[in-house]
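K.L.:
input_12.cif (mmCIF, C-alpha atoms) pasted underneath:
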data_target
loop_
_atom_site.label_atom_id
_atom_site.label_comp_id
_atom_site.auth_asym_id
_atom_site.auth_seq_id
_atom_site.Cartn_x
_atom_site.Cartn_y
_atom_site.Cartn_z
CA MET A 6 -1.54 -2.59 -5.54
CA ALA A 7 1.19 -3.00 -8.19
CA SER A 8 3.46 -5.75 -6.86
CA THR A 9 6.71 -6.78 -8.52
CA LYS A 10 9.09 -9.58 -7.59
CA VAL A 11 12.61 -8.24 -7.12
CA SER A 12 15.82 -9.54 -5.59
CA PHE A 13 19.12 -8.18 -4.36
CA THR A 14 22.40 -9.53 -3.00
CA ASN A 15 23.48 -9.16 0.62
CA ASN A 16 27.02 -8.69 1.93
CA THR A 17 27.68 -12.46 1.97
CA GLY A 18 26.62 -13.00 -1.63
CA TYR A 19 23.21 -14.54 -0.99
CA THR A 20 20.26 -13.48 -3.12
CA LEU A 21 17.38 -12.18 -1.04
CA ALA A 22 13.83 -12.42 -2.36
CA ALA A 23 11.59 -9.39 -2.11
CA ARG A 24 8.45 -7.72 -3.38
CA LEU A 25 8.32 -4.06 -4.29
CA GLU A 26 4.79 -2.74 -4.08
CA LEU A 27 4.02 0.58 -5.70
CA PRO A 28 0.92 2.77 -5.37
CA VAL A 29 -1.50 2.01 -8.19
CA ASN A 30 -2.67 5.57 -8.84
CA GLN A 31 0.43 7.75 -8.54
CA HIS A 32 4.19 7.86 -8.40
CA PRO A 33 5.49 7.14 -4.89
CA VAL A 34 5.95 10.10 -2.58
CA ALA A 35 8.44 7.98 -0.59
CA PHE A 36 9.86 4.47 -0.24
CA ALA A 37 9.68 2.26 2.84
CA ILE A 38 11.32 -1.00 3.92
CA PHE A 39 9.43 -3.57 6.00
CA ALA A 40 11.44 -5.88 8.28
CA HIS A 41 9.39 -8.93 9.22
CA CYS A 42 9.26 -10.67 12.59
CA PHE A 43 11.64 -13.37 13.83
CA THR A 44 11.33 -16.56 11.69
CA CYS A 45 8.46 -14.99 9.69
CA ASN A 46 8.63 -13.91 6.05
CA LYS A 47 7.56 -11.11 3.73
CA ASN A 48 4.23 -12.78 2.93
CA LEU A 49 2.74 -12.63 6.42
CA THR A 50 -0.84 -11.38 6.09
CA ALA A 51 -0.23 -8.54 8.52
CA VAL A 52 2.72 -7.33 6.44
CA ARG A 53 0.60 -7.28 3.28
CA ASN A 54 -2.25 -5.43 4.98
CA ILE A 55 0.02 -2.75 6.40
CA SER A 56 1.72 -2.34 3.01
CA ARG A 57 -1.68 -1.91 1.35
CA ALA A 58 -2.55 0.98 3.66
CA LEU A 59 0.77 2.67 2.90
CA HIS A 60 0.16 2.35 -0.84
CA GLN A 61 -3.09 4.23 -0.45
CA GLY A 62 -1.03 7.03 1.08
CA GLY A 63 1.30 7.05 -1.91
CA ILE A 64 4.19 5.17 -0.25
CA ALA A 65 6.03 2.33 -2.00
CA VAL A 66 7.02 -0.63 0.21
CA LEU A 67 9.89 -3.09 -0.19
CA ARG A 68 9.21 -6.20 1.89
CA PHE A 69 11.86 -8.91 1.77
CA ASP A 70 12.85 -12.22 3.35
CA PHE A 71 15.85 -12.18 5.65
CA THR A 72 18.65 -14.61 4.81
CA GLY A 73 17.57 -18.25 5.17
CA LEU A 74 13.86 -17.46 5.44
CA GLY A 75 11.02 -17.52 2.91
CA ASP A 76 12.39 -17.48 -0.63
CA SER A 77 15.79 -16.02 0.23
CA GLU A 78 19.02 -17.97 -0.09
CA GLY A 79 21.21 -19.01 2.84
CA GLU A 80 20.82 -21.07 5.99
CA PHE A 81 18.83 -19.67 8.88
CA ALA A 82 21.15 -21.43 11.35
CA ASP A 83 24.05 -19.29 10.13
CA THR A 84 22.21 -16.00 10.58
CA ASN A 85 21.93 -13.71 13.57
CA PHE A 86 20.91 -10.18 14.55
CA THR A 87 24.04 -8.78 12.93
CA SER A 88 23.17 -10.42 9.61
CA ASN A 89 19.60 -9.08 9.83
CA VAL A 90 20.95 -5.54 10.16
CA ALA A 91 23.27 -6.14 7.21
CA ASP A 92 20.34 -7.43 5.13
CA LEU A 93 18.46 -4.19 5.89
CA GLU A 94 21.45 -2.19 4.67
CA ALA A 95 21.48 -4.25 1.46
CA ALA A 96 17.75 -3.59 0.97
CA ALA A 97 18.29 0.14 1.39
CA ALA A 98 21.19 0.10 -1.08
CA PHE A 99 19.02 -1.71 -3.61
CA LEU A 100 16.29 0.93 -3.34
CA GLU A 101 18.77 3.79 -3.57
CA THR A 102 20.43 2.31 -6.67
CA HIS A 103 17.32 1.37 -8.60
CA TYR A 104 14.58 3.63 -7.24
CA GLU A 105 15.00 6.04 -4.33
CA ALA A 106 16.63 5.81 -0.92
CA PRO A 107 14.15 4.79 1.81
CA SER A 108 12.55 7.44 4.00
CA LEU A 109 10.66 5.06 6.28
CA LEU A 110 11.62 1.85 8.10
CA ILE A 111 9.00 -0.45 9.62
CA GLY A 112 9.97 -3.38 11.81
CA HIS A 113 7.78 -6.06 13.35
CA SER A 114 8.97 -7.84 16.52
CA LEU A 115 12.74 -8.53 16.22
CA GLY A 116 12.55 -6.68 12.91
CA GLY A 117 11.62 -3.63 14.98
CA ALA A 118 14.83 -3.92 16.97
CA ALA A 119 16.74 -4.31 13.69
CA VAL A 120 15.34 -1.11 12.12
CA ILE A 121 16.28 0.85 15.25
CA HIS A 122 19.78 -0.58 15.10
CA VAL A 123 20.36 0.18 11.41
CA ALA A 124 18.86 3.69 11.36
CA ASP A 125 22.09 5.60 12.02
CA ARG A 126 23.64 3.95 8.94
CA LEU A 127 20.88 5.17 6.62
CA PRO A 128 20.87 8.99 6.41
CA SER A 129 17.85 9.04 4.07
CA VAL A 130 15.55 7.61 6.75
CA LYS A 131 13.32 10.22 8.37
CA ALA A 132 10.90 8.03 10.33
CA ILE A 133 10.86 4.63 12.05
CA VAL A 134 7.95 2.44 13.12
CA THR A 135 8.18 -0.53 15.49
CA ILE A 136 5.37 -3.05 15.94
CA GLY A 137 5.47 -5.37 18.94
CA ALA A 138 9.23 -4.86 19.15
CA PRO A 139 11.42 -5.99 22.06
CA HIS A 140 13.44 -3.36 23.88
CA ASP A 141 16.49 -5.56 23.54
CA PRO A 142 17.26 -8.26 20.89
CA ALA A 143 18.18 -10.71 23.66
CA HIS A 144 14.49 -10.86 24.56
CA VAL A 145 14.11 -13.74 22.06
CA ASN A 146 16.24 -15.89 24.37
CA HIS A 147 13.08 -17.05 26.12
CA LEU A 148 12.10 -18.94 22.94
CA PHE A 149 15.04 -21.30 23.52
CA ASP A 150 14.75 -21.92 27.26
CA GLU A 151 14.06 -25.64 26.86
CA GLU A 152 16.95 -26.10 24.41
CA ALA A 153 19.46 -23.81 26.16
CA GLN A 154 21.44 -26.62 27.75
CA GLN A 155 21.64 -28.59 24.50
CA ILE A 156 22.78 -25.49 22.59
CA ALA A 157 25.45 -24.78 25.22
CA LYS A 158 26.64 -28.42 25.18
CA GLU A 159 26.43 -29.27 21.47
CA GLY A 160 26.63 -25.82 19.93
CA GLU A 161 23.20 -26.08 18.27
CA ALA A 162 19.70 -27.48 18.65
CA GLU A 163 16.42 -27.84 16.77
CA VAL A 164 13.79 -25.55 18.23
CA SER A 165 10.11 -25.20 17.44
CA ILE A 166 8.92 -21.64 16.79
CA GLY A 167 5.38 -20.99 15.66
CA GLY A 168 4.87 -24.66 14.83
CA ARG A 169 7.96 -24.82 12.60
CA SER A 170 11.37 -26.33 13.29
CA PHE A 171 14.53 -24.19 13.09
CA LYS A 172 18.16 -24.94 13.84
CA VAL A 173 19.63 -22.41 16.28
CA LYS A 174 23.35 -22.22 16.96
CA GLN A 175 25.32 -20.88 19.90
CA GLN A 176 26.61 -18.04 17.76
CA PHE A 177 23.07 -16.67 17.42
CA LEU A 178 22.60 -16.47 21.20
CA GLU A 179 26.00 -14.85 21.66
CA ASP A 180 25.29 -12.33 18.92
CA ILE A 181 21.96 -11.08 20.29
CA LYS A 182 23.50 -10.72 23.76
CA ALA A 183 26.19 -8.49 22.26
CA HIS A 184 23.69 -5.94 20.96
CA SER A 185 22.39 -3.38 23.40
CA GLN A 186 19.65 -1.10 22.09
CA GLU A 187 19.64 1.55 24.80
CA GLU A 188 22.18 3.89 23.21
CA LYS A 189 20.76 3.26 19.73
CA ILE A 190 17.33 4.33 20.96
CA LYS A 191 18.64 7.40 22.77
CA GLN A 192 20.58 8.56 19.70
CA LEU A 193 17.97 7.63 17.12
CA ASN A 194 17.43 11.22 15.92
CA ARG A 195 14.45 10.12 13.85
CA ALA A 196 10.71 10.39 14.32
CA LEU A 197 9.59 7.22 16.10
CA LEU A 198 6.18 5.54 16.23
CA ILE A 199 5.75 2.61 18.62
CA LEU A 200 2.80 0.27 18.09
CA HIS A 201 2.22 -2.43 20.69
CA SER A 202 -0.61 -4.50 22.11
CA PRO A 203 -1.23 -4.70 25.87
CA GLN A 204 -2.29 -8.31 25.23
CA ASP A 205 0.96 -9.28 23.46
CA LEU A 206 2.07 -12.50 25.18
CA THR A 207 5.23 -12.91 23.07
CA VAL A 208 6.74 -9.46 23.65
CA PRO A 209 5.06 -7.88 26.70
CA ILE A 210 3.94 -4.25 26.58
CA GLU A 211 6.69 -3.28 29.05
CA ASN A 212 9.12 -3.39 26.13
CA ALA A 213 7.25 -0.58 24.41
CA ALA A 214 7.36 1.49 27.61
CA LYS A 215 11.15 1.13 27.84
CA ILE A 216 11.65 2.10 24.20
CA TYR A 217 9.38 5.12 24.61
CA LEU A 218 11.08 6.36 27.79
CA GLU A 219 14.56 6.11 26.25
CA ALA A 220 13.66 7.68 22.91
CA LYS A 221 13.75 11.42 22.36
CA HIS A 222 11.02 13.45 20.68
CA PRO A 223 9.41 13.33 18.22
CA LYS A 224 8.05 10.03 19.48
CA SER A 225 4.54 8.55 19.54
CA PHE A 226 2.85 5.50 21.00
CA VAL A 227 -0.38 3.89 19.78
CA THR A 228 -1.89 0.87 21.47
CA LEU A 229 -3.03 -2.10 19.39
CA ASP A 230 -5.59 -3.04 22.01
CA GLY A 231 -6.82 -6.61 21.65
CA ALA A 232 -4.25 -7.67 19.05
CA ASP A 233 -1.98 -10.68 19.38
CA HIS A 234 1.72 -10.53 18.55
CA LEU A 235 1.29 -11.53 14.89
CA MET A 236 -1.84 -9.40 14.41
CA SER A 237 -3.71 -12.52 13.31
CA ASN A 238 -6.98 -10.59 13.13
CA LYS A 239 -6.82 -8.68 9.86
CA GLU A 240 -8.67 -5.74 11.41
CA ASP A 241 -5.65 -5.15 13.67
CA SER A 242 -3.15 -4.96 10.81
CA HIS A 243 -5.50 -2.78 8.74
CA TYR A 244 -5.73 -0.40 11.69
CA ALA A 245 -1.96 -0.40 12.20
CA GLY A 246 -1.42 0.36 8.52
CA GLN A 247 -3.84 3.29 8.57
CA ILE A 248 -2.18 4.74 11.66
CA ILE A 249 1.29 4.48 10.10
CA ALA A 250 0.18 5.96 6.77
CA THR A 251 -1.36 8.97 8.50
CA TRP A 252 1.40 9.51 11.07
CA VAL A 253 4.31 9.40 8.63
CA GLN A 254 2.92 12.11 6.34
CA ARG A 255 4.14 14.73 8.83
CA TYR A 256 7.74 13.58 8.33
CA LEU A 257 7.89 13.02 4.57
CA GLU A 258 8.85 15.69 2.10
CA ALA A 259 6.30 15.11 -0.62
CA PRO A 260 6.83 17.32 -3.67
CA GLU A 261 4.30 20.11 -3.87
CA LYS A 262 2.61 20.98 -7.13
CA GLU A 263 0.83 24.14 -7.99
CA LYS A 264 -2.85 23.55 -7.38
CA LEU A 265 -5.02 23.35 -10.43
CA ALA A 266 -7.40 26.25 -10.76
CA SER A 267 -9.68 27.54 -13.49
CA ASP A 268 -12.77 29.67 -13.96
CA ARG A 269 -14.18 26.83 -16.06
CA GLU A 270 -16.01 23.74 -14.78
CA VAL A 271 -13.11 21.40 -15.49
CA VAL A 272 -9.34 21.83 -15.84
CA VAL A 273 -6.87 19.11 -16.89
CA ARG A 274 -3.08 19.21 -16.56
CA LEU A 275 -0.83 16.78 -18.44
CA GLY A 276 2.71 16.38 -17.10
CA GLN A 277 5.84 15.11 -18.81
CA ASP A 278 5.47 11.52 -17.65
CA GLY A 279 3.50 9.55 -20.23
CA PHE A 280 -0.19 10.39 -20.35
CA THR A 281 -0.90 10.77 -16.62
CA SER A 282 -3.22 13.76 -16.27
CA GLU A 283 -4.53 15.64 -13.26
CA VAL A 284 -8.21 16.49 -13.46
CA MET A 285 -9.97 19.07 -11.30
CA VAL A 286 -13.78 19.23 -11.45
CA ARG A 287 -14.86 22.09 -9.20
CA HIS A 288 -13.21 20.98 -5.90
CA HIS A 289 -13.05 17.29 -6.85
CA SER A 290 -9.72 15.88 -8.06
CA LEU A 291 -8.98 12.68 -9.94
CA THR A 292 -6.41 11.21 -12.29
CA ALA A 293 -6.78 10.13 -15.92
CA ASP A 294 -4.27 7.95 -17.73
CA GLU A 295 -3.71 5.27 -20.34
CA PRO A 296 -2.79 1.60 -19.93
CA VAL A 297 0.87 0.63 -19.83
CA ASP A 298 0.69 -1.12 -23.21
CA VAL A 299 0.04 2.21 -24.98
CA GLY A 300 2.67 4.18 -23.07
CA GLY A 301 0.74 5.21 -19.96
CA ASN A 302 1.25 4.50 -16.26
CA ASP A 303 -2.28 3.16 -15.66
CA PHE A 304 -2.71 5.51 -12.68
CA GLY A 305 -6.34 6.21 -13.54
CA PRO A 306 -9.18 5.55 -15.99
CA THR A 307 -8.80 6.40 -19.68
CA PRO A 308 -10.75 9.29 -21.22
CA TYR A 309 -13.21 6.87 -22.80
CA GLU A 310 -13.64 5.05 -19.48
CA LEU A 311 -14.45 8.39 -17.87
CA LEU A 312 -16.98 8.98 -20.64
CA SER A 313 -18.54 5.58 -19.95
CA ALA A 314 -18.62 6.40 -16.24
CA SER A 315 -20.36 9.68 -17.03
CA LEU A 316 -23.02 7.86 -19.02
CA GLY A 317 -23.49 5.28 -16.27
CA ALA A 318 -23.76 7.86 -13.48
CA CYS A 319 -26.21 9.99 -15.45
CA THR A 320 -28.31 6.94 -16.28
CA ALA A 321 -28.61 5.85 -12.64
CA MET A 322 -29.34 9.37 -11.38
CA THR A 323 -32.02 10.01 -14.00
CA MET A 324 -33.78 6.73 -13.24
CA GLN A 325 -33.72 7.47 -9.51
CA MET A 326 -35.07 11.00 -9.98
CA TYR A 327 -37.96 9.68 -12.04
CA ALA A 328 -38.71 6.88 -9.56
CA ARG A 329 -38.75 9.32 -6.63
CA ARG A 330 -41.12 11.62 -8.46
CA LYS A 331 -43.44 8.68 -9.11
CA LYS A 332 -42.89 7.36 -5.57
CA TRP A 333 -41.77 3.97 -6.93
CA ASP A 334 -39.72 1.60 -4.79
CA LEU A 335 -36.45 1.76 -6.74
CA GLN A 336 -33.89 0.87 -4.07
CA GLU A 337 -30.74 0.48 -6.11
CA VAL A 338 -29.50 0.84 -9.69
CA LYS A 339 -26.35 -0.71 -11.12
CA VAL A 340 -25.26 0.29 -14.60
CA HIS A 341 -22.63 -1.89 -16.28
CA LEU A 342 -20.98 -0.37 -19.34
CA SER A 343 -18.38 -1.17 -21.94
CA HIS A 344 -17.23 0.87 -24.92
CA ARG A 345 -16.15 -0.65 -28.21
CA LYS A 346 -13.77 1.13 -30.55
CA ASP A 347 -10.14 0.87 -31.67
CA TYR A 348 -9.17 3.71 -29.36
CA THR A 349 -5.40 3.07 -29.64
CA GLU A 350 -5.50 3.69 -33.38
CA ASP A 351 -7.81 6.68 -32.87
CA MET A 352 -5.46 8.26 -30.33
CA ASN A 353 -2.33 7.68 -32.45
CA ASN A 354 -3.92 9.38 -35.47
CA PRO A 355 -5.87 12.34 -34.03
CA GLU A 356 -5.66 14.35 -37.23
CA GLN A 357 -7.31 11.68 -39.36
CA GLY A 358 -11.06 11.46 -39.55
CA GLN A 359 -12.58 8.28 -38.20
CA SER A 360 -15.51 6.45 -39.74
CA LYS A 361 -15.92 3.97 -36.90
CA ILE A 362 -19.15 4.01 -34.90
CA ASP A 363 -18.89 4.11 -31.11
CA HIS A 364 -20.80 1.40 -29.26
CA PHE A 365 -21.70 1.72 -25.58
CA ASP A 366 -23.05 -1.56 -24.26
CA ARG A 367 -25.18 -0.78 -21.21
CA LEU A 368 -26.60 -3.38 -18.83
CA ILE A 369 -28.93 -2.12 -16.10
CA GLU A 370 -29.79 -3.87 -12.83
CA MET A 371 -32.67 -2.65 -10.68
CA GLU A 372 -33.58 -3.64 -7.15
CA GLY A 373 -36.84 -2.82 -5.44
CA ASN A 374 -40.50 -3.70 -5.34
CA LEU A 375 -41.22 -2.87 -9.01
CA ASP A 376 -43.69 -4.44 -11.42
CA ASP A 377 -42.92 -5.12 -15.08
CA THR A 378 -44.62 -1.92 -16.26
CA GLN A 379 -42.53 0.22 -13.92
CA LYS A 380 -39.32 -1.53 -14.94
CA ALA A 381 -40.12 -1.02 -18.62
CA LYS A 382 -40.77 2.68 -18.06
CA LEU A 383 -37.52 3.09 -16.14
CA MET A 384 -35.62 1.44 -18.99
CA GLU A 385 -37.23 3.95 -21.33
CA ILE A 386 -36.20 6.79 -19.02
CA ALA A 387 -32.61 5.49 -19.02
CA ASP A 388 -32.37 6.36 -22.72
CA LYS A 389 -33.43 9.93 -21.95
CA CYS A 390 -30.69 10.80 -19.48
CA PRO A 391 -28.94 14.09 -20.39
CA VAL A 392 -25.55 12.52 -21.15
CA HIS A 393 -27.23 9.93 -23.36
CA ARG A 394 -28.97 12.72 -25.27
CA THR A 395 -25.69 14.65 -25.58
CA LEU A 396 -23.98 11.63 -27.11
CA HIS A 397 -26.74 11.44 -29.73
CA SER A 398 -26.70 15.17 -30.47
CA ASP A 399 -24.51 17.33 -32.65
CA VAL A 400 -21.70 18.60 -30.42
CA VAL A 401 -19.51 21.63 -31.05
CA VAL A 402 -16.13 21.94 -29.33
CA LYS A 403 -14.63 25.40 -29.65
CA THR A 404 -10.90 25.42 -29.04
CA VAL A 405 -8.72 28.49 -28.47
CA MET A 406 -5.13 28.89 -27.25
CA LEU A 407 -4.35 30.80 -24.06
#
Once more with this new file: its structure as structure tokens, please.
P.N.:
Amino acid sequence: MASTKVSFTNNTGYTLAARLELPVNQHPVAFAIFAHCFTCNKNLTAVRNISRALHQGGIAVLRFDFTGLGDSEGEFADTNFTSNVADLEAAAAFLETHYEAPSLLIGHSLGGAAVIHVADRLPSVKAIVTIGAPHDPAHVNHLFDEEAQQIAKEGEAEVSIGGRSFKVKQQFLEDIKAHSQEEKIKQLNRALLILHSPQDLTVPIENAAKIYLEAKHPKSFVTLDGADHLMSNKEDSHYAGQIIATWVQRYLEAPEKEKLASDREVVVRLGQDGFTSEVMVRHHSLTADEPVDVGGNDFGPTPYELLSASLGACTAMTMQMYARRKKWDLQEVKVHLSHRKDYTEDMNNPEQGQSKIDHFDRLIEMEGNLDDTQKAKLMEIADKCPVHRTLHSDVVVKTVML
């Protein structure tokens, strides 16, 4: 995934650190914001895994550190639930100013409560996802049971959360008690997906039940059976990401393009954005592009890389066909290719004839119970694959304008 470090300023003037991750093979169909769990940060493995699944669905994700956590400025002791909500508003404003207003909010644990709370302030948001979220922000009070008396007496205390020490002040406890989620949930007016594990020991599953009962349709619940609160097992976060990416498609307004169609074997459509090209081969679609350094978006392989891939695929198929006919034990073929030519210069001067010779360096790996004679014959067959022969033949391209 294409990941870029970005930053933005919150309402108190602190700079918050973030990563904006864009799909690698297309322009985003939508933008999402990920709110991490209490005392966590944007780099939690589960957050990265869920973001990766969303990228594959064409969704860009902004994941950031709340004030005083991770790489963001500020003191954690001076933050509270109110400041978390304000940070989410700042993140949304950043996206709207520089990219596109967010359509999806995802919140993990207390971050889930925060995205529910901020939703009515962000009209662009169409869908919300909570993961292991408490029904009420005050649920985190149980983390400070042992220090409650010290906080009440001295106004603050050092508490250990997840093996790390944090300073918690009385103002934090008062702030989370002041926020009731019930009305926020009832008036959400957004599609809601609740993900929760029955085995969550930090935020029990009953919280998900309360959120679900209070929310209005459209609402969905998916169990993360067997997962812990932080989704420490990567398989759990991969699964959660796939569920979110599939579910949210129903609520996003992705731009529709006229489908490519042709009575020929292949049709290619080039848009107005760089060199990104849609390719339709029968009913198979793919994207061709150029690297960023020559003006492309790097959303797909270059034309010459596609040509190399064609040679490699044809080589492997031809060798396997021959081996099957001979009943030889060729179990696997790997064809490694590289093409050598100053393609940038060639592309920039299409009307000038080129005297350069194209070189395809081809390295072939074979696996199977084969003797030296069989391997030698298969290497000979590799040079007789149809695409190989085409590249060595005179080729005529007839071009007409429609």
K.L.:
Residues at most 12 Å from segment 170-172 of chain A, counting all atoms listed in the file, excluding those fewer than 3 positions away in the same chain, as a list in words?
P.N.:
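Those residues are Phe43, Thr44, Cys45, Gly73, Leu74, Glu80, Phe81, Ala82, Asp83, Thr84, Asn85, Leu148, Phe149, Glu152, Gln155, Ile156, Gly160, Glu161, Ala162, Glu163, Val164, Ser165, Ile166, Gly167, Gln175, Gln176 and Phe177 of chain A.
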K.L.:
Please return as a PyMOL selection string every residue within 12 Å of (-30.4, 12.7, -19.1), taking into account all atoms listed in the file and the file's own coordinates.
P.N.:
chain A and resi 315-327+385-397
K.L.:
Restrict the selected residues to C-alpha atoms and save them as a compact mmCIF listing (two decimals), in the frame of the given file.
P.N.:
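Saved the output as result16.txt:
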# COMPACT_ATOMS: atom_id res chain seq x y z
CA SER A 315 -20.36 9.68 -17.03
CA LEU A 316 -23.02 7.86 -19.02
CA GLY A 317 -23.49 5.28 -16.27
CA ALA A 318 -23.76 7.86 -13.48
CA CYS A 319 -26.21 9.99 -15.45
CA THR A 320 -28.31 6.94 -16.28
CA ALA A 321 -28.61 5.85 -12.64
CA MET A 322 -29.34 9.37 -11.38
CA THR A 323 -32.02 10.01 -14.00
CA MET A 324 -33.78 6.73 -13.24
CA GLN A 325 -33.72 7.47 -9.51
CA MET A 326 -35.07 11.00 -9.98
CA TYR A 327 -37.96 9.68 -12.04
CA GLU A 385 -37.23 3.95 -21.33
CA ILE A 386 -36.20 6.79 -19.02
CA ALA A 387 -32.61 5.49 -19.02
CA ASP A 388 -32.37 6.36 -22.72
CA LYS A 389 -33.43 9.93 -21.95
CA CYS A 390 -30.69 10.80 -19.48
CA PRO A 391 -28.94 14.09 -20.39
CA VAL A 392 -25.55 12.52 -21.15
CA HIS A 393 -27.23 9.93 -23.36
CA ARG A 394 -28.97 12.72 -25.27
CA THR A 395 -25.69 14.65 -25.58
CA LEU A 396 -23.98 11.63 -27.11
CA HIS A 397 -26.74 11.44 -29.73
K.L.:
Identify, on the basis of only C-alpha atoms, every residue whose closest approach to Glu270 of chain A does not exceed 9 Å; exclude the query and any residue fewer than 5 positions from it along the same chain; express the result as a ChimeraX atom specification.
P.N.:
/A:285-287
K.L.:
Check what the PyMOL selection byres ((chain A and resi 307) around 7) selects in the file above and give those residues as an NGL selection string.
P.N.:
:A and (293-295 or 305-306 or 308-311)
K.L.:
Calculated over only C-alpha atoms, which of the candidates A:Asp125, A:Lys10, A:Leu49, A:Glu94 has the smallest distance to Ser237 of chain A?
P.N.:
A:Leu49
